[in-house]
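Engineer: This is entry-v1.txt, which holds compact mmCIF, C-alpha atoms:
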# COMPACT_ATOMS: atom_id res chain seq x y z
CA MET S 410 -23.16 8.07 -26.92
CA ILE S 411 -22.53 6.18 -23.69
CA HIS S 412 -20.37 8.02 -21.15
CA LEU S 413 -18.76 6.43 -18.10
CA ILE S 414 -18.00 8.91 -15.31
CA THR S 415 -15.86 7.61 -12.45
CA GLY S 416 -16.58 9.65 -9.33
CA GLY S 417 -19.75 10.82 -11.03
CA ALA S 418 -21.70 11.32 -7.79
CA GLY S 419 -19.18 13.92 -6.63
CA PHE S 420 -19.26 17.67 -7.04
CA ILE S 421 -17.83 18.04 -10.56
CA GLY S 422 -18.90 14.60 -11.76
CA SER S 423 -22.56 15.15 -10.96
CA HIS S 424 -22.66 18.43 -12.90
CA LEU S 425 -20.95 16.70 -15.82
CA ALA S 426 -23.57 13.93 -15.65
CA ASP S 427 -26.29 16.61 -15.76
CA ALA S 428 -24.80 18.20 -18.87
CA LEU S 429 -24.30 14.93 -20.76
CA ALA S 430 -27.75 13.62 -19.86
CA ALA S 431 -29.30 16.92 -20.99
CA ARG S 432 -27.87 16.23 -24.46
CA GLY S 433 -29.75 12.94 -24.55
CA ASP S 434 -26.66 10.79 -24.08
CA GLU S 435 -26.53 7.74 -21.83
CA VAL S 436 -24.62 8.27 -18.58
CA VAL S 437 -23.18 5.53 -16.37
CA ILE S 438 -21.78 6.67 -13.02
CA LEU S 439 -19.28 4.59 -11.07
CA ASP S 440 -18.85 5.84 -7.51
CA ASP S 441 -18.17 4.22 -4.14
CA LEU S 442 -19.93 7.16 -2.40
CA SER S 443 -17.00 7.63 -0.03
CA THR S 444 -16.99 11.37 -0.69
CA GLY S 445 -19.67 11.64 -3.35
CA ARG S 446 -23.37 11.82 -2.51
CA PHE S 447 -26.29 9.89 -3.91
CA GLU S 448 -28.34 13.09 -3.51
CA ASN S 449 -26.17 14.78 -6.16
CA VAL S 450 -27.46 12.43 -8.86
CA GLN S 451 -30.75 11.20 -7.43
CA HIS S 452 -32.74 13.41 -9.81
CA LEU S 453 -31.01 11.74 -12.76
CA ILE S 454 -31.54 8.24 -11.41
CA ASP S 455 -35.21 8.86 -10.61
CA ALA S 456 -35.78 10.22 -14.12
CA GLU S 457 -33.88 7.25 -15.63
CA ARG S 458 -31.45 9.64 -17.29
CA ALA S 459 -28.41 8.04 -15.66
CA GLN S 460 -27.38 4.77 -14.06
CA LEU S 461 -25.46 4.66 -10.77
CA ILE S 462 -23.16 1.70 -10.11
CA GLU S 463 -21.99 1.73 -6.50
CA GLY S 464 -18.50 0.33 -6.71
CA SER S 465 -14.80 1.11 -6.76
CA VAL S 466 -12.35 1.96 -9.53
CA LEU S 467 -10.06 -0.55 -7.79
CA ASP S 468 -12.39 -3.33 -9.01
CA SER S 469 -10.83 -4.14 -12.38
CA THR S 470 -13.53 -6.68 -13.32
CA LEU S 471 -16.28 -4.12 -12.79
CA VAL S 472 -14.35 -1.35 -14.54
CA ASN S 473 -13.71 -3.58 -17.56
CA GLU S 474 -17.39 -4.52 -17.75
CA LEU S 475 -18.45 -0.87 -17.80
CA MET S 476 -15.62 0.35 -20.03
CA ALA S 477 -16.39 -2.26 -22.70
CA GLN S 478 -19.79 -0.62 -23.22
CA ALA S 479 -18.68 3.02 -23.09
CA ASP S 480 -17.86 5.40 -25.93
CA SER S 481 -16.02 7.75 -23.58
CA CYS S 482 -14.82 7.84 -20.00
CA PHE S 483 -14.25 10.82 -17.72
CA HIS S 484 -11.96 9.72 -14.90
CA LEU S 485 -12.76 12.00 -11.95
CA ALA S 486 -12.65 9.50 -9.07
CA SER S 487 -10.17 10.86 -6.55
CA PRO S 488 -9.77 11.91 -2.92
CA VAL S 489 -10.71 15.56 -2.51
CA GLY S 490 -9.30 18.47 -0.59
CA VAL S 491 -6.07 19.39 1.14
CA LYS S 492 -7.38 18.41 4.58
CA LEU S 493 -8.21 14.86 3.51
CA ILE S 494 -4.88 14.40 1.74
CA CYS S 495 -2.91 15.71 4.73
CA SER S 496 -4.82 13.53 7.18
CA GLN S 497 -4.72 10.33 5.08
CA PRO S 498 -1.67 10.59 2.80
CA LEU S 499 -0.96 6.88 2.39
CA ASP S 500 -4.51 5.76 1.63
CA SER S 501 -5.00 8.75 -0.66
CA ILE S 502 -1.98 8.16 -2.86
CA LEU S 503 -2.40 4.36 -3.03
CA ASN S 504 -6.07 4.55 -3.99
CA MET S 505 -5.41 7.24 -6.59
CA VAL S 506 -2.47 5.44 -8.19
CA ARG S 507 -4.10 2.00 -8.22
CA GLY S 508 -7.49 3.28 -9.34
CA THR S 509 -6.04 5.37 -12.17
CA ASP S 510 -3.97 2.42 -13.37
CA VAL S 511 -7.08 0.20 -13.47
CA VAL S 512 -9.20 2.78 -15.32
CA MET S 513 -6.55 3.74 -17.88
CA ALA S 514 -5.52 0.15 -18.59
CA SER S 515 -9.16 -0.66 -19.24
CA ALA S 516 -9.67 2.38 -21.49
CA ALA S 517 -6.58 1.41 -23.48
CA LEU S 518 -7.78 -2.20 -23.79
CA TYR S 519 -11.20 -1.24 -25.12
CA ARG S 520 -10.00 1.81 -27.10
CA THR S 521 -12.36 4.03 -25.12
CA ARG S 522 -11.86 7.79 -25.36
CA LEU S 523 -10.72 9.03 -21.92
CA VAL S 524 -10.39 12.43 -20.27
CA PHE S 525 -8.33 12.40 -17.07
CA THR S 526 -8.89 15.25 -14.62
CA SER S 527 -5.57 16.30 -13.16
CA THR S 528 -4.96 19.36 -11.02
CA SER S 529 -3.11 22.66 -10.75
CA GLU S 530 -1.47 21.09 -7.67
CA ILE S 531 1.02 19.39 -9.98
CA TYR S 532 2.76 22.75 -10.50
CA GLY S 533 3.60 22.71 -6.80
CA LYS S 534 5.22 25.90 -5.54
CA ASN S 535 5.80 27.34 -9.01
CA GLY S 536 3.70 30.48 -8.61
CA GLY S 537 5.52 33.14 -10.63
CA GLU S 538 4.14 33.98 -14.06
CA ALA S 539 1.00 32.44 -15.52
CA LEU S 540 1.51 28.68 -15.65
CA HIS S 541 1.41 27.01 -19.04
CA GLU S 542 1.22 23.29 -19.62
CA ASP S 543 5.00 22.92 -20.04
CA SER S 544 5.95 25.00 -16.99
CA ASP S 545 8.41 23.43 -14.58
CA ARG S 546 7.09 21.73 -11.48
CA VAL S 547 8.47 22.85 -8.11
CA VAL S 548 7.20 20.53 -5.39
CA GLY S 549 8.13 20.29 -1.75
CA PRO S 550 9.71 17.35 0.08
CA PRO S 551 7.94 13.97 0.15
CA THR S 552 7.75 14.22 3.94
CA LYS S 553 5.09 16.92 3.44
CA SER S 554 1.92 14.94 2.84
CA ARG S 555 0.37 17.68 0.71
CA TRP S 556 2.59 16.65 -2.19
CA SER S 557 1.31 13.08 -2.26
CA TYR S 558 -1.78 14.32 -4.11
CA ALA S 559 0.25 16.14 -6.75
CA THR S 560 2.52 13.12 -7.14
CA ALA S 561 -0.40 10.76 -7.66
CA LYS S 562 -1.92 13.07 -10.28
CA VAL S 563 1.42 13.32 -12.09
CA PHE S 564 1.52 9.52 -12.14
CA GLY S 565 -1.88 9.61 -13.88
CA GLU S 566 -0.63 12.12 -16.43
CA ILE S 567 2.41 9.97 -17.18
CA LEU S 568 0.18 6.91 -17.60
CA ALA S 569 -2.10 8.80 -19.98
CA HIS S 570 0.91 9.93 -22.01
CA GLY S 571 2.37 6.44 -22.10
CA TYR S 572 -0.84 4.66 -23.07
CA THR S 573 -1.47 7.21 -25.82
CA HIS S 574 1.97 7.20 -27.36
CA ASP S 575 2.99 3.59 -26.73
CA ALA S 576 -0.32 1.75 -26.99
CA GLY S 577 -2.36 3.96 -29.31
CA ALA S 578 -4.91 4.85 -26.64
CA ARG S 579 -6.99 8.04 -26.90
CA MET S 580 -6.44 10.03 -23.73
CA THR S 581 -6.45 13.70 -22.78
CA VAL S 582 -5.35 15.38 -19.55
CA ALA S 583 -7.26 18.35 -18.13
CA ARG S 584 -5.56 20.25 -15.29
CA LEU S 585 -8.31 21.89 -13.26
CA PHE S 586 -7.71 25.14 -11.36
CA ASN S 587 -9.89 25.57 -8.26
CA THR S 588 -13.32 24.57 -9.54
CA VAL S 589 -16.13 25.89 -7.33
CA GLY S 590 -19.92 25.96 -7.36
CA PRO S 591 -23.11 24.35 -6.06
CA ARG S 592 -22.81 20.89 -4.44
CA GLN S 593 -19.22 21.44 -3.36
CA SER S 594 -18.63 20.46 0.24
CA ASP S 595 -17.08 22.63 2.91
CA ALA S 596 -15.37 19.50 4.21
CA TYR S 597 -11.71 18.73 3.55
CA GLY S 598 -10.67 22.39 3.33
CA MET S 599 -12.81 23.61 0.39
CA VAL S 600 -12.70 27.34 0.90
CA LEU S 601 -15.71 28.86 -0.89
CA PRO S 602 -18.45 26.61 0.52
CA ARG S 603 -16.86 26.95 3.95
CA PHE S 604 -16.99 30.74 3.76
CA VAL S 605 -20.58 30.66 2.52
CA ARG S 606 -21.77 28.34 5.28
CA GLN S 607 -20.00 30.39 7.91
CA ALA S 608 -21.44 33.65 6.56
CA LEU S 609 -24.99 32.33 6.35
CA GLY S 610 -24.75 30.77 9.79
CA GLY S 611 -23.39 33.90 11.45
CA ALA S 612 -20.10 32.23 12.32
CA GLU S 613 -16.58 33.62 11.93
CA LEU S 614 -15.11 33.30 8.44
CA THR S 615 -11.87 31.39 9.01
CA VAL S 616 -9.06 32.48 6.70
CA TYR S 617 -6.01 30.23 6.87
CA GLY S 618 -2.67 32.01 7.00
CA ASP S 619 -2.62 35.77 6.43
CA GLY S 620 -5.08 35.64 3.52
CA THR S 621 -2.75 37.22 0.97
CA GLN S 622 -2.39 33.94 -0.95
CA SER S 623 -4.41 34.08 -4.17
CA ARG S 624 -6.21 31.59 -6.40
CA CYS S 625 -8.13 31.62 -9.67
CA PHE S 626 -11.60 30.18 -9.09
CA THR S 627 -13.50 28.57 -11.97
CA HIS S 628 -17.26 28.04 -11.96
CA VAL S 629 -18.10 24.35 -12.24
CA TYR S 630 -20.37 25.02 -15.22
CA ASP S 631 -17.40 26.42 -17.13
CA THR S 632 -15.23 23.47 -16.11
CA ILE S 633 -17.68 20.87 -17.42
CA ASP S 634 -18.08 22.79 -20.69
CA ALA S 635 -14.32 22.48 -21.16
CA LEU S 636 -14.24 18.78 -20.29
CA ALA S 637 -17.04 17.97 -22.73
CA SER S 638 -15.34 19.98 -25.50
CA LEU S 639 -12.02 18.20 -24.99
CA ALA S 640 -13.70 14.78 -25.10
CA GLU S 641 -15.13 15.61 -28.51
CA SER S 642 -11.89 16.84 -30.06
CA ASP S 643 -9.62 14.39 -31.85
CA ASP S 644 -6.87 17.02 -31.75
CA ALA S 645 -6.96 16.92 -27.94
CA VAL S 646 -5.77 13.29 -27.83
CA GLY S 647 -2.35 12.99 -26.26
CA GLU S 648 -2.37 16.59 -25.04
CA VAL S 649 -2.54 18.39 -21.68
CA PHE S 650 -4.76 21.43 -21.08
CA ASN S 651 -5.09 23.95 -18.27
CA ILE S 652 -8.74 24.61 -17.40
CA GLY S 653 -9.32 27.66 -15.25
CA ASP S 654 -10.23 31.28 -14.88
CA GLU S 655 -7.21 33.56 -15.31
CA GLU S 656 -8.33 36.27 -12.86
CA PRO S 657 -6.78 35.82 -9.38
CA ILE S 658 -8.35 36.85 -6.08
CA SER S 659 -6.78 36.76 -2.63
CA ILE S 660 -8.40 34.51 -0.04
CA VAL S 661 -9.13 37.39 2.32
CA ALA S 662 -10.75 39.30 -0.57
CA LEU S 663 -12.83 36.21 -1.31
CA ALA S 664 -13.99 36.11 2.31
CA GLN S 665 -14.95 39.78 2.14
CA ARG S 666 -16.81 39.23 -1.14
CA VAL S 667 -18.76 36.30 0.32
CA ARG S 668 -19.67 38.32 3.37
CA GLU S 669 -20.96 41.18 1.23
CA ARG S 670 -22.96 39.03 -1.17
CA ALA S 671 -24.48 37.02 1.68
CA SER S 672 -25.37 40.25 3.54
CA SER S 673 -23.51 38.84 6.52
CA HIS S 674 -21.87 40.64 9.44
CA SER S 675 -19.66 37.69 10.36
CA PRO S 676 -16.15 38.68 11.45
CA ILE S 677 -13.07 37.30 9.69
CA ARG S 678 -10.64 35.29 11.83
CA PHE S 679 -7.15 34.32 10.71
CA VAL S 680 -6.09 30.75 11.56
CA PRO S 681 -2.44 29.57 11.40
CA TYR S 682 -1.81 26.82 8.84
CA ALA S 683 -0.44 24.48 11.49
CA GLU S 684 -3.72 24.71 13.38
CA ALA S 685 -5.81 24.18 10.24
CA TYR S 686 -3.86 21.38 8.55
CA GLY S 687 -1.22 20.00 10.89
CA ASP S 688 2.40 19.39 9.91
CA GLY S 689 1.84 18.00 6.42
CA PHE S 690 1.05 21.33 4.77
CA GLU S 691 2.95 23.92 2.77
CA GLU S 692 1.27 27.05 1.42
CA LEU S 693 1.53 28.37 -2.12
CA GLY S 694 1.49 32.11 -2.60
CA ARG S 695 -0.32 32.29 -5.93
CA ARG S 696 -1.25 30.09 -8.87
CA ARG S 697 -2.62 31.41 -12.16
CA PRO S 698 -3.20 29.40 -15.36
CA ASP S 699 -2.29 30.19 -18.94
CA CYS S 700 -5.26 28.79 -20.90
CA ARG S 701 -4.27 29.76 -24.42
CA ARG S 702 -3.88 26.13 -25.51
CA VAL S 703 -7.47 25.09 -24.73
CA ARG S 704 -8.77 28.41 -26.07
CA LYS S 705 -6.99 27.88 -29.38
CA LEU S 706 -8.29 24.34 -29.81
CA THR S 707 -11.89 24.66 -28.61
CA GLU S 708 -12.50 28.43 -28.24
CA TRP S 709 -13.41 27.68 -24.61
CA ARG S 710 -13.19 30.49 -22.12
CA PRO S 711 -14.88 31.02 -18.72
CA LEU S 712 -18.25 32.72 -19.05
CA ARG S 713 -18.97 33.09 -15.33
CA SER S 714 -17.25 35.25 -12.72
CA VAL S 715 -16.27 34.49 -9.14
CA ASP S 716 -19.29 36.56 -8.09
CA ASP S 717 -21.52 34.24 -10.12
CA ALA S 718 -20.00 31.27 -8.32
CA ILE S 719 -20.48 32.90 -4.91
CA ASP S 720 -24.11 33.71 -5.68
CA ASP S 721 -24.81 30.18 -6.91
CA VAL S 722 -23.23 28.60 -3.83
CA ILE S 723 -25.21 30.93 -1.55
CA ALA S 724 -28.46 30.01 -3.35
CA TYR S 725 -27.62 26.30 -3.14
CA GLU S 726 -26.78 26.40 0.56
CA ARG S 727 -29.97 28.29 1.34
CA ARG S 728 -31.96 25.59 -0.46
CA GLU S 729 -30.13 22.94 1.56
CA TRP S 730 -31.04 24.74 4.77
CA ARG S 731 -34.75 24.48 3.96
CA LYS S 732 -34.65 20.70 3.55
CA PRO S 733 -36.11 18.47 6.28
CA GLY S 734 -33.44 17.19 8.65
CA ALA S 735 -31.31 20.32 8.70
CA ASP S 736 -29.35 20.70 11.92
CA SER S 737 -29.33 23.69 14.25
CA ARG S 738 -27.07 25.64 11.90
CA GLY S 739 -29.35 24.90 8.98
CA LEU S 740 -26.91 22.44 7.45
CA ALA S 741 -28.28 19.22 6.00
CA ARG S 742 -27.29 16.10 7.88
CA GLY S 743 -25.55 13.19 6.22
CA VAL S 744 -22.49 12.71 4.02
CA PRO S 745 -21.26 16.05 2.62
CA SER S 746 -21.44 16.81 -1.10
CA VAL S 747 -17.95 16.73 -2.65
Translate the structure of the given file into C-alpha cells.
Structural biologist:
Amino acid sequence: MIHLITGGAGFIGSHLADALAARGDEVVILDDLSTGRFENVQHLIDAERAQLIEGSVLDSTLVNELMAQADSCFHLASPVGVKLICSQPLDSILNMVRGTDVVMASAALYRTRLVFTSTSEIYGKNGGEALHEDSDRVVGPPTKSRWSYATAKVFGEILAHGYTHDAGARMTVARLFNTVGPRQSDAYGMVLPRFVRQALGGAELTVYGDGTQSRCFTHVYDTIDALASLAESDDAVGEVFNIGDEEPISIVALAQRVRERASSHSPIRFVPYAEAYGDGFEELGRRRPDCRRVRKLTEWRPLRSVDDAIDDVIAYERREWRKPGADSRGLARGVPSV
C-alpha cells in the first residue's frame, strides 16, 4: 500500500506516518512545513521508511502527481489552533478551502481512497448532550473569526459528501475531538503542551476564562488507530464519524492534574479570554462526543486515558529539554511541533 498524508510532518500526521510505516507500507508525506516540523519525521526519512515532499496542497500539479500513485490519502493539512485562526482568519479559511478542494478533486479523479480529518469545532456552541454525527450545528456570527475554522471544515465535509455521492469517490470524514500527545506544540493555544511546559519550567499555568469549560481529550495513538481503521473499511465510505474520548475534564482540573503528575509547584493563573485571544473568540462550555457509530463499525474505542496523555507529553518535553540548543527554559529552539 502507498499512503499519501497531507500535513504529514505535523503532530497527528507524523504519528500516523509512524504507524503506517511500521506496517511495512509506503508513506509519502506532503507538507509545506509552515506549522509541521521536519524533526517529527526525520527518523522515518533517515531510515528510508517515508518520503517527504516539501510542497503545498494548493499546488494541483504536485497533488495530482502524488495522488496518481497513492492507494489512499489522509488529508490532514490545515492551520492549527484557535490562536492562529483568530489572528489570521482570512488566510486560514482561504488556504483550507482551496487546499481541500485541490486534494479532494484529485482523489476523486484518481479514485483514491480518502479520509478527511474534520473537527469537533463544526458543532459550534452546541454543548448540551453528547454530540452525535447528525447533531445540529450552532455556530456564532461570521464576524467572530473563531468560526472561520469550523466553516472551512464544514466546506470540506460537504465536498467529501458531494464527491462520494455525485462522482462515485471513496471518501470518509473523521471529526476529531481534542487530540493530544507527544509532538504537539504549545503554540497557537494548544492547552495540554502549554500546561506541561509551564509546569516543567516553573512558570504559572495560564487557564483561560474561569476554567470550568470542559473538553474530552483523546490520546494521539488512539486517534491514529481510528483513522487507519476507517481507511480500511469499505462501509465507512460516504460516512461521518466522531473520534474522541467520551470522558470530559474541566480545564482547571486538567491544569491541576498536569501540575501533580509533573511534581510541579507552579501556581495557576486565570487569564481573561479577551487577553488571550483578542476579539475574535467565543468560548464553548462543554463538548462531548457520541462515538457509537465508529465503535459499531470498527470496534474502536480509546485505550489510553488523559493521564496517559499527560505522562507521555511530560516525557516528550523532558527529552526535548535535553537536546542541544535548548533555550534558558529548556525548550528546543526552532519551529514548534504542531
Engineer: What is the atom CA of Ala428 of chain S-atom CA of Ala517 of chain S distance in Å, reported with one decimal?
Structural biologist: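 Atom CA of Ala428 of chain S sits 25.2 Å away from atom CA of Ala517 of chain S.
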Engineer: For Ala662 of chain S, find every residue with an atom within 10 Å (counting all atoms listed in the file), except residues of its own chain fewer than 5 positions away, and show them as a PDB file with C-alpha atoms, in the coordinates of the input.
Structural biologist:
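Okay, this is what ended up in around19.pdb:
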ATOM      1  CA  GLY S 620      -5.080  35.640   3.520  1.00  0.00           C
ATOM      2  CA  THR S 621      -2.750  37.220   0.970  1.00  0.00           C
ATOM      3  CA  GLN S 622      -2.390  33.940  -0.950  1.00  0.00           C
ATOM      4  CA  SER S 623      -4.410  34.080  -4.170  1.00  0.00           C
ATOM      5  CA  VAL S 667     -18.760  36.300   0.320  1.00  0.00           C
ATOM      6  CA  ARG S 668     -19.670  38.320   3.370  1.00  0.00           C
TER       7      ARG S 668
END
Engineer: Need the shell around Leu425 of chain S: protein/DNA/RNA residues with any atom at most 12 Å away, counting only C-alpha atoms. Skip same-chain ones fewer than 6 positions apart. Format as a VMD selection string?
Structural biologist: chain S and resid 412 to 419 431 to 432 434 436 to 438 449 to 450 453 459 482 to 485 629 to 638 640
Engineer: Enclose all atoms of segment 635-649 of chain S listed in the file in an axis-aligned box, grow every side by 5 Å, and hand back centre and edge lengths in Å to one decimal, as AutoDock Vina command-line options.
Structural biologist:
--center_x -9.7 --center_y 17.7 --center_z -26.1 --size_x 24.7 --size_y 19.5 --size_z 21.6
Engineer: Give me the residues near Ser527 of chain S as a list in words, where near means some atom within 9 Å (using only C-alpha atoms) and where sequence neighbours in that chain fewer than 2 positions away do not count.
Structural biologist: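 Within the cut-off, the hits are Leu485, Phe525, Ser529, Glu530, Ile531, Ala559, Lys562, Val563, Gly565, Glu566, Val582, Ala583, Arg584 and Leu585 of chain S.
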